[in-house]
Amino acid sequence: MPDSPHSIPDASATSPGMQRQLEIYQLGLSGKKLSVPIPVSQLEKKVAEALTPQAYDYITGSASGERTARANLEAFDHWRIVPRMLRDVSQRDLSVELLGTKLPVPVLLGPIGVQSIIHQEAEVAVARAAGSLGIPFVLSTVSSRPIEEVAQSMGSAQRWFQLYWGKDHELTASFLKRAEKSGYGALVVTLDTSMLGWRERDLQHPYLPFLLGDGLANYFTDPVFCSRLQNSPQADPAAAIRLWASLYSNTALTWKDLAWLRRQTRLPIVLKGILHPEDARLALDHGADAIIVSNHGGRQVDGAVAALDALPPVADAIQGKIPILFDSGIRHGADAIKSLALGAEAVLLGRLYLWGLAVAGEQGVRDVVQNFLADFDITMGLSGFRSGKELNASILAKA
């Protein structure tokens with residue numbers, strides 16, 4: 001992509017993180033501030049002011065007692081970085097090669113659906129921010145803007161498509177063809193959401209945005225889906241929503257069905273939601289190109305293992321044969337370093353960038369992500385490391 005005033009500083013620069021710090025301090029000298037609060041705790045509080053109670057609880061809530069979401073955050077405190085001194089870190093290379101593509105940093109923006117309840121520009125705003133930073137954006141099946149519109153907003157920037165694999169195989173194949181035609185570079189198959197988790201906050205309102213037609217843009221613009229209706233989704237939205245509800249969940253899928261999925265697409269297949277080492281081995285056996293260790297941010301199974309705790313045994317099962325990505329609980333640069341040290345090659349941000357969207361739209365996403373990357377870069381340098389390749393479990397101590 002062409003250079004832009006918002007692009008990630010060149011990895012060969014003395015310190016991309018320091019450059020970001022100076023930008024922020026220079027803003028202060030002119031009496032200005034970033035579009036979002038810098039402390040993550042303050043950012044999250046600001047989100048509550050920006051959204052309706054229903055939307056806020058939908059994006060911040062988790063399954064049942066929300067113990068898995070808390071465990072995700074607490075797991076990072078079980079590990080401590082052990083900094084090394086007098087090591088030349090004047091030049092740092094944050095780049096990583098992933099599925100044949102070189103990325104400037106080991107960070108992606110993960111799939112989060114129904115973003116129209118957060119900001120009117122929804123996924124388009126996130127896509128533009130990600131594209132300007134050279135970071136891949138993973139578009140959700142249940143996005144508020146269609147596959148094609150989001151792709152158009154990104155130009156040649158890297159993008160992946162996330163699939164919720166429903167009952168209608170012809171519809172699934174149509175989604176994949178649309179994603180391929182629109183230049184998406186990988187397929188992320190979410191395995192842990194064959195049905196919605198028990199989410200007490202949403203049930204208390206009660207509020208499920210899909211039943212209002214939000215987050216169904218890819219369905220309502222799909223020729224296969226529309227062929228199942230007597231009238232267009234615009235003419236009879238209630239019928240379209242009922243059809244979606246009948247097709248979305250598919251609890252009958254098994255590992256054998258991945259062979260069918262492979263026949264439908266040329267894209268690399270990334271399996272998201274792996275937590276058990278045996279499932280990691282099954283992913284290898286069934287031809288996955290990469291996996292994502294994730295518990296859906298704690299939104300599916302209450303009392304489940306923290307994603308970070310699941311990472312080392314999964315990495316041991318994979319033995320470097322395919323890339324491992326990680327999400328669930330990433331908030332700070334140190335979290336990314338610990339994830340990379342324990343076996344991941346890249347991390348996905350979720351709620352963090354969505355909070356930026358809620359507070360300040362596209363610029364909010366950009367500012368939040370740039371702050372995260374600056375934190376990551378500075379923490380890496382201060383710990384004595386020049387690239388992610390130097391990170392392994394030996395740099396950590398158990399708390």
# chains A, B, ... in the order shown; residues from 1 in each chain; ligands from 1

$ residues_around --residues "range 327-341 of chain A" --least-positions-apart "4" --cutoff "8 Å" --atoms "only C-alpha atoms" --output "MDAnalysis selection string"
chainID A and resid 40 69 72:73 76 79 81 292:298 307:308 311 345:350 352 372:377 379:380 388 391:396

$ closest_atom_pairs --of "range 133-206 of chain A" --to "range 85-104 of chain A" --cutoff "10 Å" --atoms "only C-alpha atoms" --output "Markdown table"
| residue | atom | partner | partner_atom | distance |
| --- | --- | --- | --- | --- |
| A:Leu133 | CA | A:Pro104 | CA | 8.8 |
| A:Gly134 | CA | A:Pro104 | CA | 6.9 |
| A:Ile135 | CA | A:Leu103 | CA | 7.0 |
| A:Pro136 | CA | A:Leu103 | CA | 8.3 |
| A:Gln158 | CA | A:Thr101 | CA | 9.0 |
| A:Gly185 | CA | A:Leu99 | CA | 9.0 |
| A:Ala186 | CA | A:Leu99 | CA | 8.4 |

$ select_by_dssp --residues "range 170-269 of chain A" --states "strand (DSSP E)" --output "short mmCIF file (atom, residue, chain, number, x, y, z; two decimals) with C-alpha atoms, in the first residue's frame"
data_model
loop_
_atom_site.label_atom_id
_atom_site.label_comp_id
_atom_site.auth_asym_id
_atom_site.auth_seq_id
_atom_site.Cartn_x
_atom_site.Cartn_y
_atom_site.Cartn_z
CA LEU A 187 -10.82 -18.71 5.20
CA VAL A 188 -11.23 -18.73 8.99
CA VAL A 189 -13.72 -21.40 10.08
CA THR A 190 -15.10 -20.80 13.56
CA ILE A 269 -8.27 -22.97 5.73
#

$ atom_distance --atom1 "CA of Ala239 in chain A" --atom2 "CA of Lys181 in chain A"
28.4 Å
